[in-house]
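**Q** I'd like to ask you about the structure that follows.
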Amino acid sequence: MDRYRIGMLARSKAGHDTGKVYVIIDIDDTYVYLADGSIRTLDRLKKKKKKHVQIICKEHDVTAADDVAIKRILKEWNREEKKQEE
């Protein structure tokens with residue numbers, strides 16, 4: 001069983017975008033394809049090796065999602081994360 005699933009949140013561990021949170025949109029053998037709704041839209045997915053992302057065990061339904069829905073998911077996650085820090 002693969003631990004990466006479509007709709008999960010993932011944090012980048014390597015590269016110029018280290019620490020940025022994305023939503024997993026697609027998966028293949030070595031790569032995950034990520035979107036953030038603003039720079040990395042559904043038309044321009046970020047291709048990243050699985051070993052360079054840390055999954056966040058929070059899953060969302062993205063089958064009919066558009067860029068606005070992805071932005072909303074990430075905004076909600078950022079709000080929860082800030083609340084936990086306080």
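Here's how to read the names in the structure tokens: chain A, B, ... by the order shown, residue numbers from 1 in each chain, ligand numbers from 1 in the order shown.
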Could you pull the residues within 12 Å of Glu81 of chain A, counting only C-alpha atoms, minus those fewer than 6 positions along the same chain, as a ChimeraX atom specification?

**A** /A:21,56,74-75

**Q** Could you turn the residues from that selection into a file that holds all heavy atoms, as a PDB file, in the first residue's frame?

**A**
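Now in selection-v5.pdb:
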```pdb
ATOM      1  N   VAL A  21       3.458  24.283   1.638  1.00  0.00           N
ATOM      2  CA  VAL A  21       2.472  23.219   1.681  1.00  0.00           C
ATOM      3  C   VAL A  21       1.686  23.200   0.369  1.00  0.00           C
ATOM      4  O   VAL A  21       1.270  24.246  -0.128  1.00  0.00           O
ATOM      5  CB  VAL A  21       1.516  23.393   2.882  1.00  0.00           C
ATOM      6  CG1 VAL A  21       0.456  22.312   2.903  1.00  0.00           C
ATOM      7  CG2 VAL A  21       2.304  23.384   4.174  1.00  0.00           C
ATOM      8  N   ILE A  56       1.266  15.221   5.039  1.00  0.00           N
ATOM      9  CA  ILE A  56       0.515  15.641   6.219  1.00  0.00           C
ATOM     10  C   ILE A  56      -0.756  14.804   6.177  1.00  0.00           C
ATOM     11  O   ILE A  56      -1.490  14.842   5.205  1.00  0.00           O
ATOM     12  CB  ILE A  56       0.185  17.144   6.161  1.00  0.00           C
ATOM     13  CG1 ILE A  56       1.486  17.954   6.110  1.00  0.00           C
ATOM     14  CG2 ILE A  56      -0.688  17.551   7.334  1.00  0.00           C
ATOM     15  CD1 ILE A  56       1.301  19.411   5.784  1.00  0.00           C
ATOM     16  N   LEU A  74      -5.816  25.083   1.493  1.00  0.00           N
ATOM     17  CA  LEU A  74      -4.529  25.486   2.059  1.00  0.00           C
ATOM     18  C   LEU A  74      -4.678  26.634   3.064  1.00  0.00           C
ATOM     19  O   LEU A  74      -3.973  26.678   4.075  1.00  0.00           O
ATOM     20  CB  LEU A  74      -3.553  25.851   0.949  1.00  0.00           C
ATOM     21  CG  LEU A  74      -3.138  24.667   0.069  1.00  0.00           C
ATOM     22  CD1 LEU A  74      -2.297  25.135  -1.100  1.00  0.00           C
ATOM     23  CD2 LEU A  74      -2.405  23.623   0.875  1.00  0.00           C
ATOM     24  N   LYS A  75      -5.602  27.541   2.798  1.00  0.00           N
ATOM     25  CA  LYS A  75      -5.846  28.638   3.729  1.00  0.00           C
ATOM     26  C   LYS A  75      -6.392  28.104   5.051  1.00  0.00           C
ATOM     27  O   LYS A  75      -5.986  28.534   6.131  1.00  0.00           O
ATOM     28  CB  LYS A  75      -6.833  29.628   3.106  1.00  0.00           C
ATOM     29  CG  LYS A  75      -7.018  30.895   3.876  1.00  0.00           C
ATOM     30  CD  LYS A  75      -7.899  31.849   3.109  1.00  0.00           C
ATOM     31  CE  LYS A  75      -8.040  33.156   3.825  1.00  0.00           C
ATOM     32  NZ  LYS A  75      -8.913  34.090   3.100  1.00  0.00           N
TER      33      LYS A  75
END
```

**Q** Identify, with DSSP run on backbone atoms, the residues in chain A assigned to helix (DSSP H, G or I), and express the list as a CSV table (one decimal) with C-alpha atoms, in the first residue's frame.

**A**
```csv
chain,number,residue,atom,x,y,z
A,50,LYS,CA,8.3,11.5,-3.3
A,51,LYS,CA,11.4,11.6,-1.1
A,52,HIS,CA,11.4,15.4,-1.2
A,67,ASP,CA,-7.8,26.3,-8.1
A,68,VAL,CA,-10.1,28.3,-5.8
A,69,ALA,CA,-11.0,25.2,-3.8
A,70,ILE,CA,-7.3,24.3,-3.5
A,71,LYS,CA,-6.5,27.8,-2.2
A,72,ARG,CA,-9.3,27.4,0.3
A,73,ILE,CA,-8.0,24.1,1.5
A,74,LEU,CA,-4.5,25.5,2.1
A,75,LYS,CA,-5.8,28.6,3.7
A,76,GLU,CA,-7.9,26.5,6.2
A,77,TRP,CA,-4.7,24.4,6.9
A,78,ASN,CA,-2.6,27.5,7.6
A,79,ARG,CA,-5.3,28.8,9.9
A,80,GLU,CA,-5.3,25.5,11.9
A,81,GLU,CA,-1.5,25.4,12.0
A,82,LYS,CA,-1.3,28.9,13.4
A,83,LYS,CA,-4.0,28.1,16.0
A,84,GLN,CA,-2.0,25.1,17.2
A,85,GLU,CA,1.2,27.2,17.5
```

**Q** Per DSSP on the backbone, what are the strand (DSSP E or B) residues of segment 2-86 of chain A, as a list in words?

**A** Met8, Leu9, Ala10, Arg11, Ser12, Val21, Tyr22, Val23, Ile24, Ile25, Asp26, Ile27, Tyr31, Val32, Tyr33, Leu34, Ala35, Lys46, Lys47, Lys48, Lys49, Val53, Gln54, Ile55, Ile56, Cys57, Lys58 and Glu59 of chain A

**Q** Mind writing the picked residues with N, CA and C atoms as a JSON list (two decimals), in the first residue's frame?

**A**
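Final file, out-v4.json:
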```json
[["chain", "number", "residue", "atom", "x", "y", "z"],
["A", 8, "MET", "N", -4.19, 14.47, -0.29],
["A", 8, "MET", "CA", -3.44, 14.71, 0.93],
["A", 8, "MET", "C", -2.64, 16.00, 0.81],
["A", 9, "LEU", "N", -2.34, 16.59, 1.94],
["A", 9, "LEU", "CA", -1.46, 17.75, 1.97],
["A", 9, "LEU", "C", -0.02, 17.26, 2.07],
["A", 10, "ALA", "N", 0.90, 18.01, 1.48],
["A", 10, "ALA", "CA", 2.31, 17.63, 1.51],
["A", 10, "ALA", "C", 3.16, 18.88, 1.66],
["A", 11, "ARG", "N", 4.19, 18.79, 2.51],
["A", 11, "ARG", "CA", 5.11, 19.90, 2.73],
["A", 11, "ARG", "C", 6.42, 19.59, 2.01],
["A", 12, "SER", "N", 6.94, 20.54, 1.28],
["A", 12, "SER", "CA", 8.19, 20.38, 0.55],
["A", 12, "SER", "C", 9.36, 20.33, 1.53],
["A", 21, "VAL", "N", 3.46, 24.28, 1.64],
["A", 21, "VAL", "CA", 2.47, 23.22, 1.68],
["A", 21, "VAL", "C", 1.69, 23.20, 0.37],
["A", 22, "TYR", "N", 1.50, 22.01, -0.18],
["A", 22, "TYR", "CA", 0.76, 21.79, -1.41],
["A", 22, "TYR", "C", -0.31, 20.73, -1.20],
["A", 23, "VAL", "N", -1.17, 20.56, -2.20],
["A", 23, "VAL", "CA", -2.15, 19.47, -2.23],
["A", 23, "VAL", "C", -1.69, 18.49, -3.31],
["A", 24, "ILE", "N", -1.68, 17.20, -2.99],
["A", 24, "ILE", "CA", -1.30, 16.18, -3.98],
["A", 24, "ILE", "C", -2.47, 15.99, -4.95],
["A", 25, "ILE", "N", -2.18, 16.19, -6.23],
["A", 25, "ILE", "CA", -3.20, 16.07, -7.26],
["A", 25, "ILE", "C", -3.07, 14.77, -8.04],
["A", 26, "ASP", "N", -1.84, 14.32, -8.26],
["A", 26, "ASP", "CA", -1.62, 13.10, -9.01],
["A", 26, "ASP", "C", -0.37, 12.40, -8.48],
["A", 27, "ILE", "N", -0.26, 11.11, -8.73],
["A", 27, "ILE", "CA", 0.86, 10.30, -8.22],
["A", 27, "ILE", "C", 1.27, 9.31, -9.30],
["A", 31, "TYR", "N", 7.14, 10.11, -8.59],
["A", 31, "TYR", "CA", 6.81, 11.52, -8.42],
["A", 31, "TYR", "C", 5.40, 11.73, -7.87],
["A", 32, "VAL", "N", 5.24, 12.88, -7.21],
["A", 32, "VAL", "CA", 3.91, 13.39, -6.86],
["A", 32, "VAL", "C", 3.75, 14.71, -7.60],
["A", 33, "TYR", "N", 2.55, 15.02, -7.98],
["A", 33, "TYR", "CA", 2.25, 16.24, -8.70],
["A", 33, "TYR", "C", 1.41, 17.11, -7.78],
["A", 34, "LEU", "N", 1.91, 18.31, -7.50],
["A", 34, "LEU", "CA", 1.37, 19.16, -6.46],
["A", 34, "LEU", "C", 0.79, 20.45, -7.01],
["A", 35, "ALA", "N", -0.19, 21.00, -6.31],
["A", 35, "ALA", "CA", -0.78, 22.29, -6.68],
["A", 35, "ALA", "C", -0.99, 23.11, -5.43],
["A", 46, "LYS", "N", 3.32, 21.12, -9.94],
["A", 46, "LYS", "CA", 4.70, 20.98, -9.50],
["A", 46, "LYS", "C", 5.02, 19.50, -9.41],
["A", 47, "LYS", "N", 6.06, 19.07, -10.14],
["A", 47, "LYS", "CA", 6.48, 17.68, -10.14],
["A", 47, "LYS", "C", 7.63, 17.55, -9.15],
["A", 48, "LYS", "N", 7.45, 16.71, -8.13],
["A", 48, "LYS", "CA", 8.45, 16.57, -7.09],
["A", 48, "LYS", "C", 8.62, 15.09, -6.75],
["A", 49, "LYS", "N", 9.86, 14.69, -6.49],
["A", 49, "LYS", "CA", 10.10, 13.30, -6.08],
["A", 49, "LYS", "C", 9.47, 13.06, -4.71],
["A", 53, "VAL", "N", 9.12, 15.26, -0.31],
["A", 53, "VAL", "CA", 7.94, 15.83, 0.33],
["A", 53, "VAL", "C", 7.61, 15.04, 1.59],
["A", 54, "GLN", "N", 7.07, 15.74, 2.56],
["A", 54, "GLN", "CA", 6.61, 15.14, 3.80],
["A", 54, "GLN", "C", 5.09, 15.23, 3.78],
["A", 55, "ILE", "N", 4.42, 14.07, 3.85],
["A", 55, "ILE", "CA", 2.97, 14.11, 3.79],
["A", 55, "ILE", "C", 2.40, 14.54, 5.13],
["A", 56, "ILE", "N", 1.27, 15.22, 5.04],
["A", 56, "ILE", "CA", 0.52, 15.64, 6.22],
["A", 56, "ILE", "C", -0.76, 14.80, 6.18],
["A", 57, "CYS", "N", -0.98, 14.03, 7.21],
["A", 57, "CYS", "CA", -2.10, 13.07, 7.21],
["A", 57, "CYS", "C", -3.44, 13.78, 7.33],
["A", 58, "LYS", "N", -3.73, 14.60, 6.38],
["A", 58, "LYS", "CA", -5.00, 15.33, 6.29],
["A", 58, "LYS", "C", -5.44, 15.17, 4.85],
["A", 59, "GLU", "N", -6.56, 14.52, 4.63],
["A", 59, "GLU", "CA", -6.97, 14.21, 3.26],
["A", 59, "GLU", "C", -8.24, 14.99, 2.90]]
```

**Q** With only C-alpha atoms as the basis for distance, which of A:Ile39, A:Gly7, A:Gly19, A:Asp2 is at the shortest distance from Asp61 of chain A?

**A**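 Looking only at the distances to Asp61 of chain A, the closest residue turns out to be A:Gly7.
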
**Q** Quick one: pull the distance between atom CA of Asp66 of chain A and atom CA of Thr41 of chain A, Å, one decimal.

**A**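 Separation of atom CA of Asp66 of chain A and atom CA of Thr41 of chain A: 8.6 Å.
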